[in-house]
Every structure is written in structure tokens, then in C-alpha cells.
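> Quick one: the structure is below, and I'll ask about it shortly.
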Amino acid sequence: MKQLFTSVLAASLLPVAASAAITVASVDIDHSIDYAGGVEIDINNDGYMDLIFAGRCRNDEGRIAEDANGDEVQRAFNAWQAVWNPSTSQYDITEFPALFGIKPCFVPVDLNGDGYMDFIVSSETSAADGSETGVYINQGNGKFTRTAINITDADGNQLNWEPRSVDVADFNCDGRIDIASIGWRNNSEGTRDHNCLVLINNGDLNFEAVVSDYMTYNGEDLFELALCTLTATDLNNDGYADILIQGNIDNAEQTAQAYKNGQYLGRTFAAYLNLGAEGEGEVLFYDLGLADGVSHHYGNGNIVCADFNCDGVMDVFVTGETPADGAASGSWDYIHQLLQGKISGSDVSYTDVSGQQAFNGHDIRPLGCTNVGVRAIDYTGNGYFDLFLDGWCTSMLDGGDNTQAGWLLKNNGSNLSEYERVPGASEIGIWFMEDGVQGARNYTFSGYCGDATYFDGENWIGRTFTKTVNPYYTTAPVPAAPQSLSAVADGYDVTLSWSAPAGEKANVTYEYYIKEITSSKYYTAPLSDTATGLRRALRQGNAFLNKTLNLVDLPDGTYEWGVQTVNAALAGSEFVAGPQFKIGTGIGAVASVIANNATVKAANGQISISGAQGIVEVYSASGAMVARQMVNGNANISLSHGCYIVKVGNTVKKVIL
């Protein structure tokens, strides 16, 4: 695989400032943190997005906790959950039972397939210092249980696991969500273990740790990374999830002397393609060599993958501290790059288009709060990914005095050339709160804020948890659903495919699920409610930009599945059900769709449907659609008196209420 890299060296576009539109809605000092991490998820499964967040507290006075000896100690950090209360129309903010330290990295995932949002959390704080990282399983009642996962190596040996950054994806295309991690930990012998692993999910919280070249300098020396971040996505749209990593190399003095032309760097940034089928069933990765060509070796920064130019290929925004290969001799800067992806055959290449972006040449330092220090989302409602870039600014976009500041970089469809100054901070977590309005995207942050535009004089208060209101839209626009779903089963493998929704942009991603009918358990669980399409966490779709998935080695069973579209505002369409398929007994063909045998009755102002699987559509006598919903089994639809046409799969029936 030969990869090509180019750099746009044309004259930079002058950034265009936009009039300020975002205003501060509230400032919360009691729950303010920096070195912040967090995740937007529906904690109690009520349809409202909540927030779990954690980090270092004001004056380093966090929670009183017990240490390993049972003695009370003052921790410098704390963790909270903000759960929307419809009866009071506000968030109830309470301490989360566990502590996660500083710079925690949260990843939402339904790991046990029960339909509730779990999460995985890692941290820059070790267990010895009070961090309780790992897997947290949602009990369905608003409470989480820290749950051990069983991790073994290829020889069956048990492994300890205490990563500093994590992400999830299906790396071996078997339909189960796997885990990738980076970092290092102190072991009981007083030496250090690397935690750079791919954990292959074998079901029931059992994982096999795979060691691959992406964890090493030269195929031999293992990374020990700190101040690091990891992102999983599909860079070349081949259906295999790839990995991007960044961080400071803590064991560099021993192993990195000859890493790049004999120069000691101490930081790394790398993108690794998942070889997928070329690995003949193994999980193998190929180093694209971005930092040796179009990019730099970054640390203590962020990685954001999104299709910024809307061409159907993932682009990469990367930022962080960079060594001498990206800064003038003797200087130290935060440098930002937007790397534009292009696919040719099985290869993906990148062009550095930073010169056309408003951030180009400006030293803005988010200071590396893992996966939420920089965020990409359609905030303005035009269908393109905008970018929030906050930080300690030694070079302000608007020419103002250097300070902590936030910047909304607006996407005009081709470039992030327009900016708006917004409340902001460094050492930051950025989230988007719903505030009781499903689909709202209200910019919220917690960090060390010193922006005199919003906080000056006696109002300057350092660390803040600040909420604002989105002036561009109240509810994120809902995308159209995918079309033409198909499933083809062959032995223990199945190919799922669908078509793009009409009228949607090429930057939409797709969320899919697979559910075993007999057990009613998700095999591949979605981050959405399959009945309504409402997102339960703010991430791009788990199928990324792909419209075909080749899944292998599924266990025996009869499966239903569906797909939704996820737009740049991270809002989901309704799910469309695909034809069911069987694995195991009776394999070799797609099974019949249960919805073909649905029973439809009308009485007492309701249309009652039983034995249905898929989308139910109800039309008036004039042909206008009056109801449409996903049905898994039985459903009742209340309508006024009249004549209606009900369509469920291949069943079409006329009813009168």
C-alpha cells in the first residue's frame, strides 16, 4: 500500500470574523473543573441526554475518599452526573459514585447488549492515586456498576488493564464492539507495563488482547504513552475500523533515539490502517506514516475525524504540542492541521489544507483533554461539520489580547475560514447539552477560563462550568433514513448493505444494530433508540461512512437488523429494518421477513398490529402518510375516525376506524 501526501502551500486565506451570537446562560462554580472529561449519554433511558463529567476541582479541593489503606484523603478531583429532571425542567447534579482523576476519557457503548448506555473510562490518574477507571454497566435505573472485564493474551494469561485513553469499534468485523487503548501503568513489581492493546470482544465481557505493530516504534519496542489520545474510525471506507494515536512517549529516552532520523522527539502521532481481510483473520495494522510526511509528531493534543469537506471520506484534524519538526528552532508551539482525505482504490492519501483555515498560524492550546478537548459538530445547522477549538491563546484569531478563549470555526462547505469568538477555556471539556429539548445542541464547557470578553474584573473566576444557548437552532435537523436495505447470508457470514438517503450530504454516517430474535439481545447494540431513532449518545455512526458491511463468524441464531442515518449534528433518522437472516441451522439464504405475516386490526380508535417486524406506515384515504414507526412485535396506533391503509413489510390492509 503506497500512500501519497501533499501539502497546500498557497497563500493562506484571511480568516473572516463573524459577529458574536453565543451568550452565556449560566456559570456554575460549585461543579467547575479543568483537565476535564465527560460524555453525553441518556443515563436513565428516558429519552433525555444527560452528562457524566469529571476532572480537577477548584483550589484542588475535590472529594474526601479512602485510600488503599482505608484512610481518608483529600482528592484534588471529583466526578458528577447531570441528569435531566422533566418535573423541574433542570438538571439534577450529584456526585458520581466513582472517581476518575484528571483528563478522563469516556466512551459510550452498550457493551452487554441490553439496550442501556454503558461507558468505558480511562484516565491520566492511576488507580494508586484514586482513579476508578474501567467498564461501567448501566443497570437501567440510572445507576452504574463498575464491572471487571476478563482480558487474556493469546496464551490465556490474565492481563491487568489501566489505560490512559480508549475508543471502541468492531476491529475484526464479527459484529461485536471491541476496545482499543493506549497508555502505561505501574505494575505490582514496581516496573511499568504498556497498555497499548486491541481487545477483541469474545462475548460476555471476555476479551483477548492483541499486540500489533501499531503499539511499537519498530515492531519491537513498546510504547508507553501519556498525555495521549486515541481515535477509532474508518479512514478508507473498507469496512474495517482504523486507529489514530497521539501522545508523549514516556519511555522515549530508552527506545526512541533512532525513531526519526536519529532525532529524539518524545512525541508521536500516527494513523494505522486496519488490514482487515489482508490479515487473514488477524487484526493487523499498517502505519500510514503521516508524521513522517504530511504531518508532525504531536503530543498532549487532540484528534478529530470527520468529513469536513463533504466528499464521503474522513478527514483528520490534529492538534497538539509539536517538537522541532513543526516549530522554529528553540520554540514550543501548539500547531493545528486539517488533513483532507482522498481514496483511490484501497489507498487513502492526505493533503494538508491548513493554509485555508482560520486557525492557521495561531497558537491555541487546548492542553489535551483526551476526546472532548476539541469537538466537531454541525452547530450552525447548515449540514457541515463545524469545529470548536478552545484554549490558552498566545495568538488570537481576532487580534485581541492573549487569553483563554473559545473559537467556533464555521464550515462554509469547503473550509473552516469563518470564526466566531465564544466563551472558552483551556484544559477543557466541551459538551453539547439538550436542556430538556431532545436534539438541542447547546455548547457547554468546563475548564480554566480567563476570557475578559465574558469574564472580567470581579467576575473573573478561573475554572468554570459554563452553559450557553445555541442561537442557530433549537433542535438539530433530523436526517432522512437510509434506503434499499439488503442482507445476504453465506455460512456464518453475512453482508449487510443499504443506499444513501435521498437529499442528504455525503458526510452522513450510519448507525446499525443486529439483534438475536430468540434471546431479544443485541448482538451489535446501537447508540440510539431503535423505535424512535433518538440518539442516546453523541457520536458518529458505528458503520462510519460505509454503506456495506461484511461481517464474519456470527454465532447461530436468527437475527433482525436495522440502520439509521446520523448527520453532522449527530442527530439520527428513524431506523429502517432490513430483511432478517439466519446463521447456523438453515443457513445459506436470507430468512423470511416476519413482518410479511403481520396481523392488522382496527377497533376503539386504534389500529392494532401484531407479529410485525420493521417499519409500519399508515396512510389516509387520500394517500397522505399519517403515521410511521418501527415495530418489534406488537404496536397500537391511535388515530381519529376514518379510512386508512396500513403497510407492514409486504402486508397491505385497508381498515376503518
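In the C-alpha cells, each chain is lettered A, B, ... as it comes, each chain's residues begin at 1, and ligands are numbered from 1 in order of appearance.
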Taking 5 positions as the minimum chain separation for residues in the same chain, which residues sit within 7 Å of Ala65 of chain A when counting only C-alpha atoms? Answer as JSON, numbers by chain.

{"A": [72, 73, 74, 75]}

> What's around segment 151-163 of chain A at 7 Å? Count only C-alpha atoms, leave out sequence neighbours fewer than 3 positions away in its own chain, and write the answer as a PyMOL selection string.

chain A and resi 122-123+166+181-185+195+206-210

> Apply DSSP to the structure's backbone, then extract all residues of segment 97-172 of chain A labelled strand (DSSP E or B) and return them as a list in words.

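After running DSSP on the backbone, segment 97-172 of chain A has strand (DSSP E or B) at Cys105, Phe106, Val107, Pro108, Val109, Asp118, Phe119, Ile120, Val121, Ser122, Gly134, Val135, Tyr136, Ile137, Asn138, Phe144, Thr145, Arg146, Thr147, Asn150, Ile151, Thr152, Gln158, Ser165, Val166, Asp167, Val168 and Ala169 of chain A.
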
> Would you save the residues from that selection as a PDB file, in the first residue's frame, using N, CA and C atoms?


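Output file part-v2.pdb follows:
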ATOM      1  N   CYS A 105     -11.062   9.916  29.908  1.00  0.00           N
ATOM      2  CA  CYS A 105     -11.559   9.677  28.552  1.00  0.00           C
ATOM      3  C   CYS A 105     -12.753   8.738  28.651  1.00  0.00           C
ATOM      4  N   PHE A 106     -13.945   9.229  28.323  1.00  0.00           N
ATOM      5  CA  PHE A 106     -15.176   8.447  28.389  1.00  0.00           C
ATOM      6  C   PHE A 106     -15.588   8.024  26.983  1.00  0.00           C
ATOM      7  N   VAL A 107     -16.022   6.776  26.842  1.00  0.00           N
ATOM      8  CA  VAL A 107     -16.535   6.287  25.568  1.00  0.00           C
ATOM      9  C   VAL A 107     -17.880   5.615  25.817  1.00  0.00           C
ATOM     10  N   PRO A 108     -18.966   6.110  25.198  1.00  0.00           N
ATOM     11  CA  PRO A 108     -20.274   5.472  25.380  1.00  0.00           C
ATOM     12  C   PRO A 108     -20.381   4.206  24.545  1.00  0.00           C
ATOM     13  N   VAL A 109     -20.970   3.165  25.117  1.00  0.00           N
ATOM     14  CA  VAL A 109     -21.139   1.897  24.408  1.00  0.00           C
ATOM     15  C   VAL A 109     -22.114   1.032  25.196  1.00  0.00           C
ATOM     16  N   ASP A 118     -23.935   2.012  28.532  1.00  0.00           N
ATOM     17  CA  ASP A 118     -22.793   1.822  29.414  1.00  0.00           C
ATOM     18  C   ASP A 118     -21.691   2.801  29.007  1.00  0.00           C
ATOM     19  N   PHE A 119     -20.569   2.778  29.700  1.00  0.00           N
ATOM     20  CA  PHE A 119     -19.419   3.558  29.251  1.00  0.00           C
ATOM     21  C   PHE A 119     -18.129   2.906  29.730  1.00  0.00           C
ATOM     22  N   ILE A 120     -17.057   3.214  29.012  1.00  0.00           N
ATOM     23  CA  ILE A 120     -15.701   2.830  29.397  1.00  0.00           C
ATOM     24  C   ILE A 120     -14.950   4.123  29.697  1.00  0.00           C
ATOM     25  N   VAL A 121     -14.161   4.136  30.750  1.00  0.00           N
ATOM     26  CA  VAL A 121     -13.442   5.353  31.112  1.00  0.00           C
ATOM     27  C   VAL A 121     -11.997   5.018  31.451  1.00  0.00           C
ATOM     28  N   SER A 122     -11.092   5.819  30.933  1.00  0.00           N
ATOM     29  CA  SER A 122      -9.673   5.748  31.271  1.00  0.00           C
ATOM     30  C   SER A 122      -9.256   7.104  31.816  1.00  0.00           C
ATOM     31  N   GLY A 134     -12.280   1.976  34.067  1.00  0.00           N
ATOM     32  CA  GLY A 134     -12.701   0.666  33.605  1.00  0.00           C
ATOM     33  C   GLY A 134     -14.059   0.706  32.941  1.00  0.00           C
ATOM     34  N   VAL A 135     -14.817  -0.379  33.056  1.00  0.00           N
ATOM     35  CA  VAL A 135     -16.116  -0.541  32.407  1.00  0.00           C
ATOM     36  C   VAL A 135     -17.221  -0.320  33.432  1.00  0.00           C
ATOM     37  N   TYR A 136     -18.201   0.508  33.078  1.00  0.00           N
ATOM     38  CA  TYR A 136     -19.351   0.781  33.931  1.00  0.00           C
ATOM     39  C   TYR A 136     -20.624   0.368  33.199  1.00  0.00           C
ATOM     40  N   ILE A 137     -21.318  -0.627  33.770  1.00  0.00           N
ATOM     41  CA  ILE A 137     -22.517  -1.181  33.159  1.00  0.00           C
ATOM     42  C   ILE A 137     -23.749  -0.501  33.736  1.00  0.00           C
ATOM     43  N   ASN A 138     -24.615  -0.021  32.841  1.00  0.00           N
ATOM     44  CA  ASN A 138     -25.851   0.661  33.223  1.00  0.00           C
ATOM     45  C   ASN A 138     -26.880  -0.377  33.679  1.00  0.00           C
ATOM     46  N   PHE A 144     -24.937   2.897  37.734  1.00  0.00           N
ATOM     47  CA  PHE A 144     -23.916   2.148  37.022  1.00  0.00           C
ATOM     48  C   PHE A 144     -23.142   1.271  38.002  1.00  0.00           C
ATOM     49  N   THR A 145     -22.724   0.105  37.509  1.00  0.00           N
ATOM     50  CA  THR A 145     -21.904  -0.788  38.309  1.00  0.00           C
ATOM     51  C   THR A 145     -20.561  -0.958  37.628  1.00  0.00           C
ATOM     52  N   ARG A 146     -19.493  -0.657  38.382  1.00  0.00           N
ATOM     53  CA  ARG A 146     -18.155  -0.901  37.846  1.00  0.00           C
ATOM     54  C   ARG A 146     -17.969  -2.409  37.714  1.00  0.00           C
ATOM     55  N   THR A 147     -17.675  -2.850  36.498  1.00  0.00           N
ATOM     56  CA  THR A 147     -17.693  -4.272  36.187  1.00  0.00           C
ATOM     57  C   THR A 147     -16.363  -4.692  35.584  1.00  0.00           C
ATOM     58  N   ASN A 150     -12.851  -9.612  31.605  1.00  0.00           N
ATOM     59  CA  ASN A 150     -11.828 -10.641  31.603  1.00  0.00           C
ATOM     60  C   ASN A 150     -10.940 -10.466  30.379  1.00  0.00           C
ATOM     61  N   ILE A 151      -9.662 -10.144  30.595  1.00  0.00           N
ATOM     62  CA  ILE A 151      -8.724  -9.906  29.498  1.00  0.00           C
ATOM     63  C   ILE A 151      -7.607 -10.937  29.581  1.00  0.00           C
ATOM     64  N   THR A 152      -7.422 -11.659  28.498  1.00  0.00           N
ATOM     65  CA  THR A 152      -6.338 -12.640  28.421  1.00  0.00           C
ATOM     66  C   THR A 152      -5.519 -12.385  27.170  1.00  0.00           C
ATOM     67  N   GLN A 158      -3.941 -13.995  32.228  1.00  0.00           N
ATOM     68  CA  GLN A 158      -4.732 -12.841  32.631  1.00  0.00           C
ATOM     69  C   GLN A 158      -3.885 -11.572  32.575  1.00  0.00           C
ATOM     70  N   SER A 165      -6.110   6.217  27.499  1.00  0.00           N
ATOM     71  CA  SER A 165      -7.091   6.656  26.508  1.00  0.00           C
ATOM     72  C   SER A 165      -7.660   5.429  25.818  1.00  0.00           C
ATOM     73  N   VAL A 166      -8.957   5.463  25.517  1.00  0.00           N
ATOM     74  CA  VAL A 166      -9.632   4.324  24.905  1.00  0.00           C
ATOM     75  C   VAL A 166     -10.574   4.802  23.803  1.00  0.00           C
ATOM     76  N   ASP A 167     -10.932   3.876  22.925  1.00  0.00           N
ATOM     77  CA  ASP A 167     -12.032   4.066  21.983  1.00  0.00           C
ATOM     78  C   ASP A 167     -12.545   2.691  21.599  1.00  0.00           C
ATOM     79  N   VAL A 168     -13.695   2.658  20.945  1.00  0.00           N
ATOM     80  CA  VAL A 168     -14.317   1.383  20.600  1.00  0.00           C
ATOM     81  C   VAL A 168     -14.672   1.350  19.119  1.00  0.00           C
ATOM     82  N   ALA A 169     -14.653   0.146  18.553  1.00  0.00           N
ATOM     83  CA  ALA A 169     -15.086  -0.125  17.183  1.00  0.00           C
ATOM     84  C   ALA A 169     -15.034  -1.632  16.994  1.00  0.00           C
TER      85      ALA A 169
END

> Show which residues sit within 7 Å of segment 77-82 of chain A, as a list in words. Count only C-alpha atoms, and ignore same-chain residues fewer than 2 positions away.

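Near segment 77-82 of chain A, the qualifying residues are Asp50, Leu51, Ile52, Phe53, Ala54, Gly55, Arg56, Cys57, Asp60, Glu61, Gly62, Arg63, Arg75, Trp84, Tyr91, Asp92, Ile93, Thr94, Glu95, Phe96, Leu99, Phe100, Gly101 and Ile102 of chain A.
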
> Separation of atom CA of Asn274 of chain A and atom CA of Ile243 of chain A, in Å?

7.6 Å

> Using only C-alpha atoms, which residue out of A:Asn567, A:Thr125, A:Ser87, A:Thr229 lies closest to Cys310 of chain A?

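Under the stated criterion, the closest residue is A:Asn567.
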
> Choose the residue, out of A:Leu485, A:Ala36, A:Ala621, A:Leu549, that has the smallest atom-to-atom separation from Val374 of chain A; count only C-alpha atoms.

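Nearest to Val374 of chain A: A:Ala36.
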
> Can you tell me which residues surround Gln404 of chain A at a distance of at most 10 Å, considering only C-alpha atoms, apart from same-chain residues fewer than 6 positions away, and format the answer as a list in words?

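Counting only C-alpha atoms, the residues come to Ile364, Arg365, Pro366, Asp390, Gly391, Trp392, Cys393, Thr394, Met396, Pro423, Gly424, Ala425, Ser426, Glu427, Gly447, Tyr448, Cys449, Gly450, Asp451, Ala452 and Gly462 of chain A.
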
> Calculate how many Å separate atom CA of Asp28 of chain A from atom CA of Phe432 of chain A, rounding to one decimal.

15.8 Å

> Give the answer as one residue: which of A:Ile377, A:Ala277, A:Ile428, A:Met625 has the shortest atom-to-atom distance to Arg463 of chain A, using only C-alpha atoms?

A:Ile428

> Between A:Gly293, A:Gly130, A:Gly533, A:Gly557, which has the minimum distance to Met630 of chain A (counting only C-alpha atoms)?

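Looking at the shortest contact to Met630 of chain A, the residue is A:Gly533.
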
> Could you list, as a list in words, every residue within 6 Å of Thr565 of chain A, counting only C-alpha atoms and ignoring same-chain residues fewer than 2 positions away?

Ala481, Tyr510, Gly572 and Ser573 of chain A

> How about saving the chosen residues, N, CA and C atoms kept, as a tab-separated table (two decimals), in the first residue's frame?


chain	number	residue	atom	x	y	z
A	481	ALA	N	-33.86	8.76	6.28
A	481	ALA	CA	-33.43	7.39	6.58
A	481	ALA	C	-32.76	6.75	5.38
A	510	TYR	N	-23.54	6.19	9.52
A	510	TYR	CA	-24.65	5.27	9.70
A	510	TYR	C	-24.48	4.46	10.98
A	572	GLY	N	-30.07	11.47	14.66
A	572	GLY	CA	-30.35	10.25	13.92
A	572	GLY	C	-31.71	10.26	13.26
A	573	SER	N	-31.78	9.60	12.10
A	573	SER	CA	-33.06	9.38	11.44
A	573	SER	C	-33.81	8.26	12.14

> Looking at A:Ile249, A:Ile43, A:Ala98, A:Ala627, which one is nearest to Val83 of chain A, with distances taken over only C-alpha atoms?

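Looking only at the distances to Val83 of chain A, the closest residue turns out to be A:Ile43.
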
> Which residues are close to segment 408-414 of chain A, i.e. within 8 Å by only C-alpha atoms, leaving aside same-chain residues fewer than 2 positions away? Reply as a list in words.

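Neighbouring residues, sequence-local ones excluded: Phe308, Asn309, Cys310, Ala358, Thr380, Tyr384, Phe385, Asp386, Leu387, Phe388, Leu389, Gly406, Leu416, Ser417, Glu418, Tyr419, Glu420, Arg421 and Val422 of chain A.
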
> Find the residues around Ile607 of chain A up to 12 Å (only C-alpha atoms counted), leave out those fewer than 3 positions away in its own chain, and share them as a PyMOL selection string.

chain A and resi 599-604+610+616-619+627+634-647+653-657

> Choose the residue, out of A:Pro501, A:Gly320, A:Gly239, A:Pro555, that has the smallest atom-to-atom separation from Arg267 of chain A; count only C-alpha atoms.

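Closest candidate: A:Gly320.
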